[in-house]
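J.: Coordinates in final.cif, mmCIF, C-alpha atoms and all ligand atoms; chains and numbers go by the auth columns, are listed below.
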data_protein
#
loop_
_atom_site.group_PDB
_atom_site.id
_atom_site.type_symbol
_atom_site.label_atom_id
_atom_site.label_comp_id
_atom_site.label_asym_id
_atom_site.label_seq_id
_atom_site.Cartn_x
_atom_site.Cartn_y
_atom_site.Cartn_z
_atom_site.B_iso_or_equiv
_atom_site.auth_seq_id
_atom_site.auth_asym_id
ATOM 1 C CA MET A 1 63.300 -153.712 -79.251 0.00 1 A
ATOM 2 C CA GLU A 2 61.633 -150.354 -78.889 0.00 2 A
ATOM 3 C CA SER A 3 62.856 -147.752 -81.344 0.00 3 A
ATOM 4 C CA PRO A 4 63.712 -144.325 -79.875 0.00 4 A
ATOM 5 C CA SER A 5 60.636 -142.786 -81.484 0.00 5 A
ATOM 6 C CA GLU A 6 58.295 -145.255 -79.722 0.00 6 A
ATOM 7 C CA LYS A 7 59.375 -143.754 -76.411 0.00 7 A
ATOM 8 C CA GLN A 8 57.947 -140.380 -77.378 0.00 8 A
ATOM 9 C CA THR A 9 54.566 -139.595 -75.833 0.00 9 A
ATOM 10 C CA ILE A 10 52.355 -136.725 -76.898 0.00 10 A
ATOM 11 C CA LEU A 11 49.422 -135.627 -74.721 0.00 11 A
ATOM 12 C CA VAL A 12 46.275 -134.102 -76.207 0.00 12 A
ATOM 13 C CA ILE A 13 44.140 -132.020 -73.815 0.00 13 A
ATOM 14 C CA HIS A 14 40.579 -131.126 -74.744 0.00 14 A
ATOM 15 C CA GLY A 15 38.945 -128.431 -72.625 0.00 15 A
ATOM 16 C CA PRO A 16 35.355 -127.678 -71.636 0.00 16 A
ATOM 17 C CA ASN A 17 32.396 -128.655 -73.815 0.00 17 A
ATOM 18 C CA LEU A 18 34.602 -130.486 -76.301 0.00 18 A
ATOM 19 C CA ASN A 19 33.108 -133.743 -74.962 0.00 19 A
ATOM 20 C CA MET A 20 29.925 -132.585 -76.739 0.00 20 A
ATOM 21 C CA LEU A 21 31.496 -132.432 -80.203 0.00 21 A
ATOM 22 C CA GLY A 22 29.210 -133.874 -82.846 0.00 22 A
ATOM 23 C CA LYS A 23 26.152 -132.474 -81.030 0.00 23 A
ATOM 24 C CA ARG A 24 27.567 -129.027 -80.222 0.00 24 A
ATOM 25 C CA GLU A 25 27.047 -126.380 -82.938 0.00 25 A
ATOM 26 C CA PRO A 26 28.099 -128.755 -85.759 0.00 26 A
ATOM 27 C CA GLU A 27 28.035 -125.845 -88.228 0.00 27 A
ATOM 28 C CA VAL A 28 30.896 -124.275 -86.216 0.00 28 A
ATOM 29 C CA TYR A 29 32.769 -127.295 -84.842 0.00 29 A
ATOM 30 C CA GLY A 30 31.978 -130.018 -87.392 0.00 30 A
ATOM 31 C CA LYS A 31 30.264 -133.395 -87.125 0.00 31 A
ATOM 32 C CA ALA A 32 33.171 -135.416 -85.740 0.00 32 A
ATOM 33 C CA THR A 33 32.777 -136.553 -82.131 0.00 33 A
ATOM 34 C CA LEU A 34 35.592 -136.365 -79.585 0.00 34 A
ATOM 35 C CA ASP A 35 35.965 -140.154 -79.912 0.00 35 A
ATOM 36 C CA ASP A 36 36.365 -139.796 -83.708 0.00 36 A
ATOM 37 C CA ILE A 37 39.100 -137.189 -83.175 0.00 37 A
ATOM 38 C CA ASN A 38 40.904 -139.223 -80.512 0.00 38 A
ATOM 39 C CA THR A 39 40.762 -142.380 -82.658 0.00 39 A
ATOM 40 C CA ALA A 40 42.223 -140.509 -85.642 0.00 40 A
ATOM 41 C CA LEU A 41 44.980 -139.081 -83.399 0.00 41 A
ATOM 42 C CA LYS A 42 45.892 -142.536 -82.045 0.00 42 A
ATOM 43 C CA GLU A 43 45.951 -144.025 -85.549 0.00 43 A
ATOM 44 C CA THR A 44 48.142 -141.178 -86.759 0.00 44 A
ATOM 45 C CA GLY A 45 50.400 -141.693 -83.730 0.00 45 A
ATOM 46 C CA LYS A 46 50.879 -145.358 -84.720 0.00 46 A
ATOM 47 C CA ARG A 47 51.774 -144.338 -88.258 0.00 47 A
ATOM 48 C CA LEU A 48 54.272 -141.777 -86.953 0.00 48 A
ATOM 49 C CA GLY A 49 55.728 -144.017 -84.211 0.00 49 A
ATOM 50 C CA VAL A 50 54.677 -141.899 -81.222 0.00 50 A
ATOM 51 C CA ARG A 51 52.364 -142.702 -78.317 0.00 51 A
ATOM 52 C CA VAL A 52 49.283 -140.496 -78.079 0.00 52 A
ATOM 53 C CA GLU A 53 47.405 -139.968 -74.806 0.00 53 A
ATOM 54 C CA THR A 54 44.169 -138.011 -74.653 0.00 54 A
ATOM 55 C CA PHE A 55 42.437 -136.188 -71.800 0.00 55 A
ATOM 56 C CA GLN A 56 39.250 -134.124 -71.631 0.00 56 A
ATOM 57 C CA SER A 57 37.936 -132.054 -68.743 0.00 57 A
ATOM 58 C CA ASN A 58 35.344 -129.385 -68.206 0.00 58 A
ATOM 59 C CA HIS A 59 37.290 -128.155 -65.158 0.00 59 A
ATOM 60 C CA GLU A 60 40.086 -125.605 -65.224 0.00 60 A
ATOM 61 C CA GLY A 61 41.874 -127.051 -62.168 0.00 61 A
ATOM 62 C CA ALA A 62 41.824 -130.579 -63.620 0.00 62 A
ATOM 63 C CA ILE A 63 43.511 -129.237 -66.768 0.00 63 A
ATOM 64 C CA VAL A 64 46.138 -127.462 -64.634 0.00 64 A
ATOM 65 C CA ASP A 65 46.737 -130.727 -62.687 0.00 65 A
ATOM 66 C CA LYS A 66 47.177 -132.676 -65.933 0.00 66 A
ATOM 67 C CA ILE A 67 49.685 -130.155 -67.316 0.00 67 A
ATOM 68 C CA GLN A 68 51.695 -130.343 -64.069 0.00 68 A
ATOM 69 C CA GLU A 69 51.646 -134.155 -64.254 0.00 69 A
ATOM 70 C CA ILE A 70 53.446 -134.306 -67.601 0.00 70 A
ATOM 71 C CA MET A 71 56.296 -131.936 -66.683 0.00 71 A
ATOM 72 C CA ASN A 72 58.946 -134.649 -66.927 0.00 72 A
ATOM 73 C CA SER A 73 57.291 -137.445 -68.848 0.00 73 A
ATOM 74 C CA HIS A 74 56.060 -136.246 -72.242 0.00 74 A
ATOM 75 C CA GLN A 75 57.665 -134.852 -75.356 0.00 75 A
ATOM 76 C CA GLY A 76 54.865 -132.659 -76.676 0.00 76 A
ATOM 77 C CA LEU A 77 51.426 -131.271 -75.863 0.00 77 A
ATOM 78 C CA ILE A 78 48.439 -130.419 -78.038 0.00 78 A
ATOM 79 C CA ILE A 79 45.851 -128.349 -76.195 0.00 79 A
ATOM 80 C CA ASN A 80 42.461 -127.025 -77.165 0.00 80 A
ATOM 81 C CA PRO A 81 41.516 -125.147 -74.008 0.00 81 A
ATOM 82 C CA GLY A 82 38.007 -124.366 -75.304 0.00 82 A
ATOM 83 C CA ALA A 83 36.556 -121.260 -73.657 0.00 83 A
ATOM 84 C CA TYR A 84 39.443 -121.207 -71.145 0.00 84 A
ATOM 85 C CA THR A 85 41.596 -120.061 -74.065 0.00 85 A
ATOM 86 C CA HIS A 86 40.197 -116.590 -73.586 0.00 86 A
ATOM 87 C CA THR A 87 40.226 -116.412 -69.789 0.00 87 A
ATOM 88 C CA SER A 88 42.668 -118.726 -68.062 0.00 88 A
ATOM 89 C CA VAL A 89 45.764 -117.247 -66.478 0.00 89 A
ATOM 90 C CA ALA A 90 46.014 -120.533 -64.504 0.00 90 A
ATOM 91 C CA ILE A 91 46.359 -122.670 -67.646 0.00 91 A
ATOM 92 C CA ARG A 92 48.815 -120.190 -69.131 0.00 92 A
ATOM 93 C CA ASP A 93 50.922 -120.283 -65.933 0.00 93 A
ATOM 94 C CA ALA A 94 50.857 -124.104 -65.891 0.00 94 A
ATOM 95 C CA LEU A 95 52.082 -124.219 -69.511 0.00 95 A
ATOM 96 C CA LEU A 96 55.050 -122.073 -68.469 0.00 96 A
ATOM 97 C CA LEU A 97 56.197 -125.023 -66.312 0.00 97 A
ATOM 98 C CA LEU A 98 56.765 -127.114 -69.437 0.00 98 A
ATOM 99 C CA SER A 99 59.904 -127.153 -71.507 0.00 99 A
ATOM 100 C CA ILE A 100 58.358 -129.211 -74.341 0.00 100 A
ATOM 101 C CA PRO A 101 56.706 -127.889 -77.526 0.00 101 A
ATOM 102 C CA VAL A 102 53.042 -126.983 -77.105 0.00 102 A
ATOM 103 C CA VAL A 103 50.576 -126.532 -79.968 0.00 103 A
ATOM 104 C CA GLU A 104 47.306 -124.698 -79.303 0.00 104 A
ATOM 105 C CA VAL A 105 44.531 -126.011 -81.557 0.00 105 A
ATOM 106 C CA HIS A 106 41.088 -124.606 -82.296 0.00 106 A
ATOM 107 C CA LEU A 107 38.555 -126.284 -84.536 0.00 107 A
ATOM 108 C CA SER A 108 37.043 -122.952 -85.536 0.00 108 A
ATOM 109 C CA ASN A 109 38.927 -119.869 -86.687 0.00 109 A
ATOM 110 C CA ILE A 110 38.715 -117.849 -83.479 0.00 110 A
ATOM 111 C CA TYR A 111 39.765 -114.664 -85.335 0.00 111 A
ATOM 112 C CA LYS A 112 36.695 -114.814 -87.598 0.00 112 A
ATOM 113 C CA ARG A 113 34.302 -115.064 -84.648 0.00 113 A
ATOM 114 C CA GLU A 114 33.083 -112.807 -81.825 0.00 114 A
ATOM 115 C CA PRO A 115 35.668 -110.248 -80.619 0.00 115 A
ATOM 116 C CA PHE A 116 35.932 -111.920 -77.174 0.00 116 A
ATOM 117 C CA ARG A 117 37.377 -114.993 -78.923 0.00 117 A
ATOM 118 C CA HIS A 118 40.106 -113.014 -80.706 0.00 118 A
ATOM 119 C CA HIS A 119 42.372 -112.950 -77.670 0.00 119 A
ATOM 120 C CA SER A 120 44.112 -116.125 -76.532 0.00 120 A
ATOM 121 C CA MET A 121 45.750 -116.250 -73.083 0.00 121 A
ATOM 122 C CA ILE A 122 47.604 -119.309 -74.352 0.00 122 A
ATOM 123 C CA ALA A 123 49.092 -118.150 -77.677 0.00 123 A
ATOM 124 C CA GLY A 124 51.887 -116.139 -76.044 0.00 124 A
ATOM 125 C CA VAL A 125 53.262 -119.221 -74.265 0.00 125 A
ATOM 126 C CA ALA A 126 52.582 -121.868 -76.958 0.00 126 A
ATOM 127 C CA THR A 127 55.082 -122.897 -79.618 0.00 127 A
ATOM 128 C CA GLY A 128 52.399 -122.237 -82.220 0.00 128 A
ATOM 129 C CA GLN A 129 48.693 -122.188 -82.913 0.00 129 A
ATOM 130 C CA ILE A 130 46.397 -123.841 -85.482 0.00 130 A
ATOM 131 C CA SER A 131 42.963 -122.266 -85.733 0.00 131 A
ATOM 132 C CA GLY A 132 40.136 -122.941 -88.169 0.00 132 A
ATOM 133 C CA LEU A 133 41.251 -126.179 -89.831 0.00 133 A
ATOM 134 C CA GLY A 134 38.640 -128.313 -88.062 0.00 134 A
ATOM 135 C CA SER A 135 39.741 -131.723 -86.795 0.00 135 A
ATOM 136 C CA ASP A 136 42.621 -131.759 -89.333 0.00 136 A
ATOM 137 C CA GLY A 137 44.272 -129.187 -87.058 0.00 137 A
ATOM 138 C CA TYR A 138 44.923 -131.858 -84.410 0.00 138 A
ATOM 139 C CA ILE A 139 46.494 -134.224 -86.946 0.00 139 A
ATOM 140 C CA LEU A 140 48.736 -131.475 -88.337 0.00 140 A
ATOM 141 C CA ALA A 141 49.771 -130.526 -84.796 0.00 141 A
ATOM 142 C CA LEU A 142 50.622 -134.162 -84.057 0.00 142 A
ATOM 143 C CA GLU A 143 52.704 -134.464 -87.239 0.00 143 A
ATOM 144 C CA PHE A 144 54.661 -131.371 -86.194 0.00 144 A
ATOM 145 C CA LEU A 145 55.228 -132.608 -82.618 0.00 145 A
ATOM 146 C CA ALA A 146 56.260 -136.111 -83.754 0.00 146 A
ATOM 147 C CA ARG A 147 58.812 -134.590 -86.112 0.00 147 A
ATOM 148 C CA ARG A 148 60.102 -132.259 -83.371 0.00 148 A
ATOM 149 C CA SER A 149 60.363 -134.943 -80.699 0.00 149 A
ATOM 150 C CA GLN A 150 62.062 -137.435 -83.021 0.00 150 A
ATOM 151 C CA ALA A 151 64.560 -134.807 -84.126 0.00 151 A
ATOM 152 C CA ALA A 152 65.362 -134.103 -80.446 0.00 152 A
ATOM 153 C CA ALA A 153 65.639 -137.836 -79.441 0.00 153 A
HETATM 154 C C1 LIG B . 37.300 -123.512 -79.551 0.00 201 A
HETATM 155 C C2 LIG B . 37.029 -122.007 -79.692 0.00 201 A
HETATM 156 C C3 LIG B . 36.630 -121.397 -78.349 0.00 201 A
HETATM 157 O O1 LIG B . 36.359 -120.017 -78.504 0.00 201 A
HETATM 158 C C4 LIG B . 35.382 -122.067 -77.811 0.00 201 A
HETATM 159 O O2 LIG B . 35.054 -121.557 -76.554 0.00 201 A
HETATM 160 C C5 LIG B . 35.494 -123.558 -77.776 0.00 201 A
HETATM 161 C C6 LIG B . 36.130 -124.239 -78.910 0.00 201 A
HETATM 162 C C7 LIG B . 37.558 -124.174 -80.919 0.00 201 A
HETATM 163 O O3 LIG B . 38.042 -125.312 -80.920 0.00 201 A
HETATM 164 O O4 LIG B . 37.256 -123.604 -81.967 0.00 201 A
HETATM 165 O O5 LIG B . 35.018 -124.219 -76.873 0.00 201 A
HETATM 166 O O6 LIG B . 38.460 -123.691 -78.757 0.00 201 A
#
Could you render the structure from this file as structure tokens?
T.:
Amino acid sequence: MESPSEKQTILVIHGPNLNMLGKREPEVYGKATLDDINTALKETGKRLGVRVETFQSNHEGAIVDKIQEIMNSHQGLIINPGAYTHTSVAIRDALLLLSIPVVEVHLSNIYKREPFRHHSMIAGVATGQISGLGSDGYILALEFLARRSQAAA
């Protein structure tokens, strides 16, 4: 029989250019590829007893569509909106549709970088933010969301 925790599903959304991880400015974003990160997230999900789904898009509207899709089906969301972090009112508005915990993750510490990266459109509507811990940030976010969703089940 399925245990209550196995019914919990967490979605991870990766925004634009994150499909190029490994090749893209490795000194900033690290050497891990998106596949490496997604594999580690799925393995961690198994250990924690939650389902992990992953999604990547370079398109703002596709990210909005995906957020709308999970309104009633998922128990948590991890999102790295990439450059849309700093610009997207549409992604922020879509997140306001959700009543589940949302963790914003950035591989790099956006506050140590160019001034235009210091402002996040997302932070004000997310449950919390992890910035600058590299790919570990996703795993820590997943541990938090698994704990939250199992406590609420
Ligand atoms: C990023 C930071 C953003 O400023 C940048 O545009 C990205 C990646 C990060 O994970 O550090 O694409 O979200």
J.: Under the PyMOL selection byres (((not hetatm)) within 7 of (chain A and resi 201)), which residues of this model are included? Write them out as a PyMOL selection string.
T.: chain A and resi 16-18+29+80-85+105-110+117+131-132
J.: Tell me, counting only C-alpha atoms, for each residue of range 80-137 of chain A within 7 Å of range 68-75 of chain A, which pair of atoms is nearest and how far apart they are in Å to one decimal, in rows ordered by chain and increasing number, as CSV.
T.:
residue,atom,partner,partner_atom,distance
A:Ala94,CA,A:Gln68,CA,6.6
A:Leu97,CA,A:Met71,CA,6.9
A:Leu98,CA,A:Met71,CA,5.6
A:Ile100,CA,A:Gln75,CA,5.8
J.: Using all atoms listed in the file for the distances, tell me which of A:Asn38, A:Ser99, A:Thr127, A:Ser135 is nearest to Ile67 in chain A.
T.: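 Between A:Asn38, A:Ser99, A:Thr127, A:Ser135, the residue approaching Ile67 in chain A most closely is A:Ser99.
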J.: Could you expand the PyMOL selection byres (((chain A and resi 49) around 12) and not hetatm) into the explicit residues it covers here, written as a list in words?
T.: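 So the PyMOL selection byres (((chain A and resi 49) around 12) and not hetatm), applied here, picks out Glu2, Ser3, Pro4, Ser5, Glu6, Lys7, Gln8, Thr9, Ile10, Leu41, Lys42, Glu43, Thr44, Gly45, Lys46, Arg47, Leu48, Val50, Arg51, Val52, Leu142, Glu143, Leu145, Ala146, Arg147, Ser149 and Gln150 of chain A.
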J.: Quick check, in Å to one decimal: how far apart do CA of Glu114 in chain A and CA of His86 in chain A lie?
T.: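 For CA of Glu114 in chain A relative to CA of His86 in chain A, the distance reads 11.5 Å.
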J.: Quick one: of A:Pro101, A:Gly76, A:Gly61, A:Gly30, who's nearest to Gly134 in chain A, counting all atoms listed in the file?
T.: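 Smallest separation from Gly134 in chain A among the options: A:Gly30.
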J.: If you count all atoms listed in the file, which residues fall within 7 Å of Ala126 in chain A, apart from same-chain ones fewer than 2 positions away, as a tab-separated table (two decimals) with C-alpha atoms, in the frame of the given file?
T.:
chain	number	residue	atom	x	y	z
A	102	VAL	CA	53.04	-126.98	-77.10
A	103	VAL	CA	50.58	-126.53	-79.97
A	104	GLU	CA	47.31	-124.70	-79.30
A	122	ILE	CA	47.60	-119.31	-74.35
A	123	ALA	CA	49.09	-118.15	-77.68
A	124	GLY	CA	51.89	-116.14	-76.04
A	128	GLY	CA	52.40	-122.24	-82.22
J.: Considering all atoms listed in the file, can you say which of A:Ala151, A:Ile37, A:Ile130, A:Ile78 comes closest to Gly22 in chain A?
T.: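 Closest residue, counting all atoms listed in the file: A:Ile37.
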J.: Please measure the separation of CA of Val12 in chain A and CA of Thr54 in chain A, giving the value in Å to one decimal.
T.: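 It comes out at 4.7 Å.
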J.: With only C-alpha atoms as the basis for distance, which of A:Arg92, A:His119, A:Lys112, A:His14 is at the shortest distance from Asn58 in chain A?
T.: A:His14
J.: Point out the residue among A:Gln56, A:Ile139, A:Ala40, A:Leu133 with the least atom-to-atom distance to Asn19 in chain A, counting all atoms listed in the file.
T.: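 For Asn19 in chain A, the nearest of the candidates is A:Gln56.
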J.: One decimal, Å: what's the distance from CA of Met121 in chain A over to CA of Ala90 in chain A, could you say?
T.: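 So the answer is 9.6 Å.
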J.: Calculated over all atoms listed in the file, which of the candidates A:Asp36, A:Ala153, A:Tyr138, A:Ser120 has the smallest distance to Leu77 in chain A?
T.: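 Closest to Leu77 in chain A of all the choices is A:Tyr138.
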J.: Around range 15-27 of chain A, fit a box with edges along x, y and z, padding it by 3 Å on each side, then list its centre and edge lengths in Å to one decimal as lines of an AutoDock Vina configuration file.
T.:
center_x = 32.5
center_y = -129.9
center_z = -79.9
size_x = 18.8
size_y = 14.0
size_z = 22.6
